[in-house]
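Asker: Sharing a structure here in structure tokens format.
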Amino acid sequence: MVGAAVQRQRAGRFVAMREGYGFLLPWFAGFFGLTLGPALFSLYLSFTKYDLVSDPRWIGMANYVRIATADAKFSQAMHVTFTYVFLAVPLKLAFALSIAMILNKGLRGLPIYRALFYLPSLLGGSVAIAILWREVFSADGLFNQVLAVFGIKGIGWVTTPETALYTLVLLTIWQFGSSMIIFLAGLRQIPQDMYEAASIDGASPRRQFFKITLPLLTPVIFFNAIVQTIDAFKAFTPSFIISEGTGGPVNSTLFYTLYLFQEAFAYFRMGYASALAWVLVMIIGSFTAVSFFMSRYWVHYDE
Amino acid sequence: MSERAEERLPGVQYSRWSGIRKHTMLCCVSLVMLYPLLWMVSSSMKPENEIFTSASLFPSHFDLSAYKRGWFGLDVSFGRFFLNSLIVSVLSVIGNVMSCSLAAFAFARLRFPGRHLWFSLMLGTLMLPYHVVLIPQYILFLNLDWIDTFLPLVVPKFLACDAFFIFLMVQFFRGIPRELDEAARIDGCSAWRIYWKIMLPLSTPVLATAAIFSFIFTWDDFFAPLIYLGDPTHYTSQVALRSFIDSTNQSDWGGLFAMSSLAVIPVFVFFVFFQRLLIEGIATTGMKR
């Protein structure tokens, strides 16, 4: 009796194994063949010199040492990327939150505004939009034509090293729609009776914003900030299109991923590019870790 | 909560004027935001000499010749590029929906040893930047002789490499009552039948969301086609647009705007017809686009 039950249980477990792993088969193939395997291999490559033609040659930490001490272009790429991330993300989120606040205050036509504001965010990732942006901010582009109406003579914003990066920051802010949608969903979660109680106690709208809305929205702000920042670190298409793949003018739009792309596919320094990729992982990883650590001090969770 | 109830919030001074002021402001913001898009479309219909001389959206007369010039502006026609984009995008949609729903079903519904380990590894891949696997993948596809074919763009989609979609579907599957599959189990249904006959039919909203986003992401993808496609007859529309700006340099802006406008149409169509689904998808999962 007992033996039969155990046997049945064993058979059941076998079936469960077969089913579970059967359904995961495609994922396993992808995970081991295209994710874990390649990740480990690129870690190995990052300690080598490899040009796709001759065999990888082990050079120890040399790639990382060069990145840390002797690569001016890397420093430039870091400078550009960090400037971009720390300008574009906060401005985008601030803008998204302001518009969400206005829309949330019971305005007629909310679905229409929401859709219109979302459109750039949906279209924004494409090459077509990056091209459009280049032409909007070119010397005789739309932006300068509008300035000309006010009698101002503009410059070639994308061809001037001092301003090129800021046009990309603007392009990112322009795509605030999806963050705004997430903020709107978060605002809906705030219980209305809190505002009722506060206004009975005579709290001004301004005070209500800082004492109710903002604290209760911190988890959503935190989430948006993390997602958008990681995404901004990985931005590629706009800088590639605006600078025609060079990161110019004078490396002023040399995003990190563009530099990595150049090292790998223009100069075929696969080992060095792999090291750059792992440095990117470390940057994003430590940024995320620090953010989660800091979040204890400002993110307000209900539970 | 009804729309009406939402319109009056306590703590806010409502007056007709504040409403009008807000609408005016929002309309201005919308106009500034959408103007570049409208300008792109209108520039594609302007006579060439008007594009960079007038900020107006209205051409002095409609001139559609730019579409013809742009279409044949490269050695290979844009018809080929759009067809390539369509093939890659449709195959990616099929691959993603099939492979990700299989994995998501296993994670959400099946109990088997090691489930938690694999699930956390899957979540881990969500965080891993693509750039880390890029170079070994390139070397792998190079050795398989897949460079300059669509295989490097499509095969990963059939192997559930977009963990985000697995995550999206797991969340949805977990919301479907377990009693349904338990009842089916008692009736002797296999896991496959439960997946095929119960889960998938009940999950059309999430499958549609995944399919649409998968289409849009693939259609707009620039990095992978840029790396893997060398022969212009294999270019997707995004890579073709890029070589358009390289080859024409200063000459045919009308053609460039015309082809750019055409390239955003598929995404725009999804926006028009499935806006609700897209917005819900973002609101519930926090997608970045």
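If you're wondering about the labels, chains in the structure tokens are A, B, ... by order shown, residues count from 1 in each chain, ligands from 1 in order shown.
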What lies within 8 Å of Tyr84 in chain A using only C-alpha atoms, ignoring chain neighbours under 6 positions off, as a list in words?
Answerer: Leu165, Tyr166, Leu168, Val169 and Ala232 of chain A
Asker: Can I get the selection written as a short mmCIF file (atom, residue, chain, number, x, y, z; two decimals), in the first residue's frame, with all heavy atoms?
Answerer:
```
data_model
loop_
_atom_site.label_atom_id
_atom_site.label_comp_id
_atom_site.auth_asym_id
_atom_site.auth_seq_id
_atom_site.Cartn_x
_atom_site.Cartn_y
_atom_site.Cartn_z
N LEU A 165 24.22 68.04 -27.63
CA LEU A 165 23.71 67.10 -26.63
C LEU A 165 22.35 67.54 -26.08
O LEU A 165 21.49 66.71 -25.79
CB LEU A 165 24.73 66.97 -25.48
CG LEU A 165 24.38 65.95 -24.40
CD1 LEU A 165 24.24 64.55 -24.98
CD2 LEU A 165 25.44 65.95 -23.32
N TYR A 166 22.17 68.87 -25.97
CA TYR A 166 20.92 69.36 -25.39
C TYR A 166 19.72 69.11 -26.31
O TYR A 166 18.61 68.98 -25.83
CB TYR A 166 21.05 70.84 -25.01
CG TYR A 166 22.14 71.03 -23.99
CD1 TYR A 166 23.39 71.51 -24.34
CD2 TYR A 166 21.93 70.66 -22.66
CE1 TYR A 166 24.40 71.63 -23.41
CE2 TYR A 166 22.94 70.76 -21.72
CZ TYR A 166 24.17 71.25 -22.10
OH TYR A 166 25.18 71.34 -21.18
N LEU A 168 19.38 66.38 -27.86
CA LEU A 168 19.03 64.99 -27.53
C LEU A 168 18.30 64.92 -26.19
O LEU A 168 17.41 64.10 -26.01
CB LEU A 168 20.29 64.12 -27.50
CG LEU A 168 20.99 63.95 -28.84
CD1 LEU A 168 22.24 63.10 -28.71
CD2 LEU A 168 20.04 63.31 -29.84
N VAL A 169 18.70 65.79 -25.26
CA VAL A 169 17.98 65.85 -23.98
C VAL A 169 16.53 66.24 -24.25
O VAL A 169 15.59 65.64 -23.72
CB VAL A 169 18.66 66.86 -23.03
CG1 VAL A 169 17.81 67.11 -21.80
CG2 VAL A 169 20.04 66.35 -22.62
N ALA A 232 18.06 55.29 -20.29
CA ALA A 232 18.86 56.41 -20.80
C ALA A 232 20.33 56.02 -20.93
O ALA A 232 21.00 56.43 -21.87
CB ALA A 232 18.71 57.63 -19.89
#
```
Asker: Find the residues around Gly285 in chain A up to 10 Å (only C-alpha atoms counted), leave out those fewer than 5 positions away in its own chain, and share them as an MDAnalysis selection string.
Answerer: (chainID A and resid 230 279:280 290:291) or (chainID B and resid 127:129)
Asker: With a distance cut-off of 9 Å and only C-alpha atoms, select the neighbouring residues of range 249-256 of chain A, excluding the residue or stretch itself and same-chain residues fewer than 3 positions from it, and output the selection as a ChimeraX atom specification.
Answerer: /A:73-74,76-81,84,158-165,168,233-236,239-240,242-243,245-246,259-261,276,280
Asker: Generate a file of the selected residues that holds N, CA, C and O atoms, formatted as a compact mmCIF listing (two decimals), in the first residue's frame.
Answerer:
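Generated output (again_38.txt):
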```txt
# COMPACT_ATOMS: atom_id res chain seq x y z
N LYS A 73 38.73 58.88 -24.82
CA LYS A 73 37.44 58.79 -25.48
C LYS A 73 36.40 58.15 -24.54
O LYS A 73 35.23 58.52 -24.56
N PHE A 74 36.87 57.20 -23.72
CA PHE A 74 35.98 56.62 -22.72
C PHE A 74 35.52 57.69 -21.74
O PHE A 74 34.33 57.80 -21.43
N GLN A 76 35.31 60.81 -22.23
CA GLN A 76 34.38 61.69 -22.93
C GLN A 76 33.00 61.04 -23.01
O GLN A 76 31.99 61.68 -22.75
N ALA A 77 32.96 59.74 -23.35
CA ALA A 77 31.69 59.04 -23.47
C ALA A 77 30.97 59.03 -22.12
O ALA A 77 29.75 59.21 -22.05
N MET A 78 31.72 58.81 -21.03
CA MET A 78 31.13 58.82 -19.70
C MET A 78 30.55 60.20 -19.40
O MET A 78 29.44 60.33 -18.89
N HIS A 79 31.35 61.23 -19.71
CA HIS A 79 30.91 62.60 -19.45
C HIS A 79 29.61 62.90 -20.20
O HIS A 79 28.64 63.38 -19.62
N VAL A 80 29.58 62.55 -21.49
CA VAL A 80 28.38 62.81 -22.31
C VAL A 80 27.20 62.03 -21.76
O VAL A 80 26.11 62.58 -21.57
N THR A 81 27.41 60.74 -21.46
CA THR A 81 26.30 59.89 -21.04
C THR A 81 25.74 60.35 -19.70
O THR A 81 24.52 60.44 -19.53
N TYR A 84 23.84 63.57 -20.05
CA TYR A 84 22.56 63.27 -20.68
C TYR A 84 21.59 62.65 -19.68
O TYR A 84 20.46 63.12 -19.52
N VAL A 158 22.41 71.16 -33.94
CA VAL A 158 23.00 69.82 -33.88
C VAL A 158 24.44 69.80 -34.39
O VAL A 158 25.15 68.83 -34.17
N THR A 159 24.88 70.87 -35.03
CA THR A 159 26.25 70.86 -35.53
C THR A 159 27.18 71.69 -34.64
O THR A 159 28.37 71.78 -34.90
N THR A 160 26.62 72.28 -33.58
CA THR A 160 27.44 73.04 -32.63
C THR A 160 27.74 72.14 -31.43
O THR A 160 26.82 71.65 -30.80
N PRO A 161 29.03 71.92 -31.12
CA PRO A 161 29.36 70.98 -30.03
C PRO A 161 28.71 71.36 -28.70
O PRO A 161 28.33 70.49 -27.93
N GLU A 162 28.57 72.66 -28.44
CA GLU A 162 28.04 73.07 -27.14
C GLU A 162 26.55 72.79 -26.98
O GLU A 162 26.05 72.74 -25.86
N THR A 163 25.82 72.66 -28.10
CA THR A 163 24.37 72.50 -27.96
C THR A 163 23.85 71.15 -28.43
O THR A 163 22.72 70.79 -28.12
N ALA A 164 24.67 70.38 -29.18
CA ALA A 164 24.16 69.15 -29.80
C ALA A 164 23.53 68.21 -28.77
O ALA A 164 22.44 67.67 -28.98
N LEU A 165 24.22 68.04 -27.63
CA LEU A 165 23.71 67.10 -26.63
C LEU A 165 22.35 67.54 -26.08
O LEU A 165 21.49 66.71 -25.79
N LEU A 168 19.38 66.38 -27.86
CA LEU A 168 19.03 64.99 -27.53
C LEU A 168 18.30 64.92 -26.19
O LEU A 168 17.41 64.10 -26.01
N PHE A 233 20.83 55.21 -20.00
CA PHE A 233 22.21 54.74 -20.10
C PHE A 233 22.42 53.95 -21.39
O PHE A 233 23.52 53.90 -21.92
N LYS A 234 21.36 53.29 -21.87
CA LYS A 234 21.49 52.43 -23.03
C LYS A 234 21.11 53.11 -24.34
O LYS A 234 21.08 52.47 -25.39
N ALA A 235 20.79 54.41 -24.30
CA ALA A 235 20.32 55.10 -25.51
C ALA A 235 21.36 55.02 -26.63
O ALA A 235 22.56 55.13 -26.38
N PHE A 236 20.91 54.81 -27.84
CA PHE A 236 21.82 54.65 -28.96
C PHE A 236 21.36 55.37 -30.22
O PHE A 236 22.06 56.24 -30.76
N SER A 239 21.68 59.39 -30.91
CA SER A 239 23.02 59.95 -31.08
C SER A 239 23.65 59.42 -32.36
O SER A 239 24.37 60.13 -33.05
N PHE A 240 23.35 58.16 -32.70
CA PHE A 240 23.89 57.61 -33.94
C PHE A 240 23.39 58.38 -35.14
O PHE A 240 24.15 58.75 -36.04
N ILE A 242 21.86 61.47 -35.28
CA ILE A 242 22.17 62.89 -35.28
C ILE A 242 23.61 63.14 -35.68
O ILE A 242 23.94 64.10 -36.37
N SER A 243 24.50 62.24 -35.26
CA SER A 243 25.92 62.46 -35.55
C SER A 243 26.40 61.62 -36.72
O SER A 243 27.60 61.54 -36.97
N GLY A 245 26.70 58.50 -36.84
CA GLY A 245 27.52 57.41 -36.35
C GLY A 245 28.86 57.81 -35.76
O GLY A 245 29.61 56.96 -35.29
N THR A 246 29.17 59.11 -35.76
CA THR A 246 30.49 59.53 -35.31
C THR A 246 30.51 59.93 -33.84
O THR A 246 31.56 59.91 -33.21
N TYR A 259 29.99 54.53 -28.44
CA TYR A 259 31.43 54.27 -28.33
C TYR A 259 31.69 52.77 -28.37
O TYR A 259 32.57 52.29 -29.09
N LEU A 260 30.86 52.01 -27.63
CA LEU A 260 30.99 50.55 -27.61
C LEU A 260 30.81 49.99 -29.03
O LEU A 260 31.57 49.14 -29.48
N PHE A 261 29.79 50.50 -29.71
CA PHE A 261 29.52 50.07 -31.08
C PHE A 261 30.72 50.34 -31.99
O PHE A 261 31.13 49.48 -32.77
N LEU A 276 34.13 47.09 -22.20
CA LEU A 276 33.25 48.26 -22.09
C LEU A 276 31.83 47.85 -21.70
O LEU A 276 31.18 48.50 -20.88
N LEU A 280 29.69 48.89 -18.39
CA LEU A 280 28.32 49.41 -18.42
C LEU A 280 27.43 48.66 -17.43
O LEU A 280 26.63 49.26 -16.71
```
Asker: Name the residues in contact with range 88-100 of chain A at a cut-off of 9 Å, using only C-alpha atoms, excluding same-chain residues fewer than 4 positions from it; report them as an MDAnalysis selection string.
Answerer: (chainID A and resid 83:84 104:105 114 166 168:184 187 221 224:225 228:229 232) or (chainID B and resid 26)
Asker: Take the residues from that selection and put them in a file with N, CA and C atoms, as a short mmCIF file (atom, residue, chain, number, x, y, z; two decimals), in the first residue's frame.
Answerer:
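The new file selection-v5.cif reads:
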```
data_model
loop_
_atom_site.label_atom_id
_atom_site.label_comp_id
_atom_site.auth_asym_id
_atom_site.auth_seq_id
_atom_site.Cartn_x
_atom_site.Cartn_y
_atom_site.Cartn_z
N THR A 83 25.99 63.36 -18.31
CA THR A 83 25.31 64.64 -18.48
C THR A 83 23.91 64.42 -19.03
N TYR A 84 23.84 63.57 -20.05
CA TYR A 84 22.56 63.27 -20.68
C TYR A 84 21.59 62.65 -19.68
N ASN A 104 -5.07 65.02 -13.96
CA ASN A 104 -5.78 64.26 -12.95
C ASN A 104 -6.82 65.08 -12.23
N LYS A 105 -6.71 66.41 -12.32
CA LYS A 105 -7.66 67.25 -11.60
C LYS A 105 -8.98 67.35 -12.35
N ARG A 114 -4.40 62.64 -23.06
CA ARG A 114 -3.50 61.54 -22.72
C ARG A 114 -2.96 60.89 -23.98
N TYR A 166 22.17 68.87 -25.97
CA TYR A 166 20.92 69.36 -25.39
C TYR A 166 19.72 69.11 -26.31
N LEU A 168 19.38 66.38 -27.86
CA LEU A 168 19.03 64.99 -27.53
C LEU A 168 18.30 64.92 -26.19
N VAL A 169 18.70 65.79 -25.26
CA VAL A 169 17.98 65.85 -23.98
C VAL A 169 16.53 66.24 -24.25
N LEU A 170 16.34 67.24 -25.12
CA LEU A 170 14.99 67.68 -25.47
C LEU A 170 14.19 66.55 -26.11
N LEU A 171 14.85 65.79 -26.99
CA LEU A 171 14.17 64.67 -27.65
C LEU A 171 13.65 63.68 -26.61
N THR A 172 14.45 63.46 -25.56
CA THR A 172 14.03 62.53 -24.51
C THR A 172 12.87 63.10 -23.70
N ILE A 173 12.96 64.38 -23.35
CA ILE A 173 11.88 64.99 -22.58
C ILE A 173 10.58 64.94 -23.39
N TRP A 174 10.72 65.15 -24.68
CA TRP A 174 9.57 65.15 -25.60
C TRP A 174 8.79 63.82 -25.48
N GLN A 175 9.49 62.76 -25.13
CA GLN A 175 8.85 61.45 -25.02
C GLN A 175 8.42 61.14 -23.59
N PHE A 176 7.78 62.12 -22.93
CA PHE A 176 7.44 61.93 -21.53
C PHE A 176 6.15 61.13 -21.34
N GLY A 177 5.46 60.81 -22.45
CA GLY A 177 4.12 60.26 -22.37
C GLY A 177 3.96 59.00 -21.53
N SER A 178 4.86 58.02 -21.70
CA SER A 178 4.63 56.78 -20.98
C SER A 178 4.84 56.96 -19.48
N SER A 179 5.81 57.79 -19.09
CA SER A 179 5.97 58.09 -17.65
C SER A 179 4.72 58.78 -17.13
N MET A 180 4.16 59.66 -17.93
CA MET A 180 2.95 60.38 -17.52
C MET A 180 1.80 59.41 -17.27
N ILE A 181 1.68 58.40 -18.14
CA ILE A 181 0.60 57.41 -17.97
C ILE A 181 0.79 56.65 -16.66
N ILE A 182 2.04 56.31 -16.35
CA ILE A 182 2.29 55.59 -15.10
C ILE A 182 1.99 56.49 -13.90
N PHE A 183 2.35 57.77 -14.00
CA PHE A 183 2.01 58.71 -12.92
C PHE A 183 0.50 58.83 -12.76
N LEU A 184 -0.22 58.91 -13.88
CA LEU A 184 -1.68 59.02 -13.80
C LEU A 184 -2.27 57.81 -13.08
N LEU A 187 -1.59 58.22 -9.43
CA LEU A 187 -2.43 59.24 -8.80
C LEU A 187 -3.82 58.70 -8.50
N ILE A 221 7.34 57.26 -8.43
CA ILE A 221 8.44 58.11 -8.88
C ILE A 221 9.73 57.29 -8.92
N ASN A 224 9.64 54.85 -11.89
CA ASN A 224 9.88 55.57 -13.15
C ASN A 224 11.34 55.99 -13.27
N ALA A 225 11.91 56.48 -12.16
CA ALA A 225 13.29 56.97 -12.20
C ALA A 225 14.24 55.83 -12.55
N GLN A 228 13.63 54.66 -16.33
CA GLN A 228 14.06 55.66 -17.29
C GLN A 228 15.58 55.84 -17.27
N THR A 229 16.18 55.76 -16.09
CA THR A 229 17.62 55.94 -16.01
C THR A 229 18.35 54.79 -16.71
N ALA A 232 18.06 55.29 -20.29
CA ALA A 232 18.86 56.41 -20.80
C ALA A 232 20.33 56.02 -20.93
N LEU B 26 -2.87 73.25 -21.87
CA LEU B 26 -2.68 71.90 -22.40
C LEU B 26 -2.69 71.89 -23.92
#
```
Asker: So, with only C-alpha atoms as the atoms that count, which of B:Ala183, B:Ala104, B:Ala263, B:Ile147 lies closest to Leu123 in chain A?
Answerer: B:Ala263
Asker: Taking the chain letters and numbering used in this document, name the residues of range 58-255 of chain B that DSSP puts in helix (DSSP H, G or I), as a PyMOL selection string.
Answerer: chain B and resi 65-71+78-109+115-127+130-143+151-158+163-174+178-186+191-202+204-220+223-228+232-234+237-248+253-255
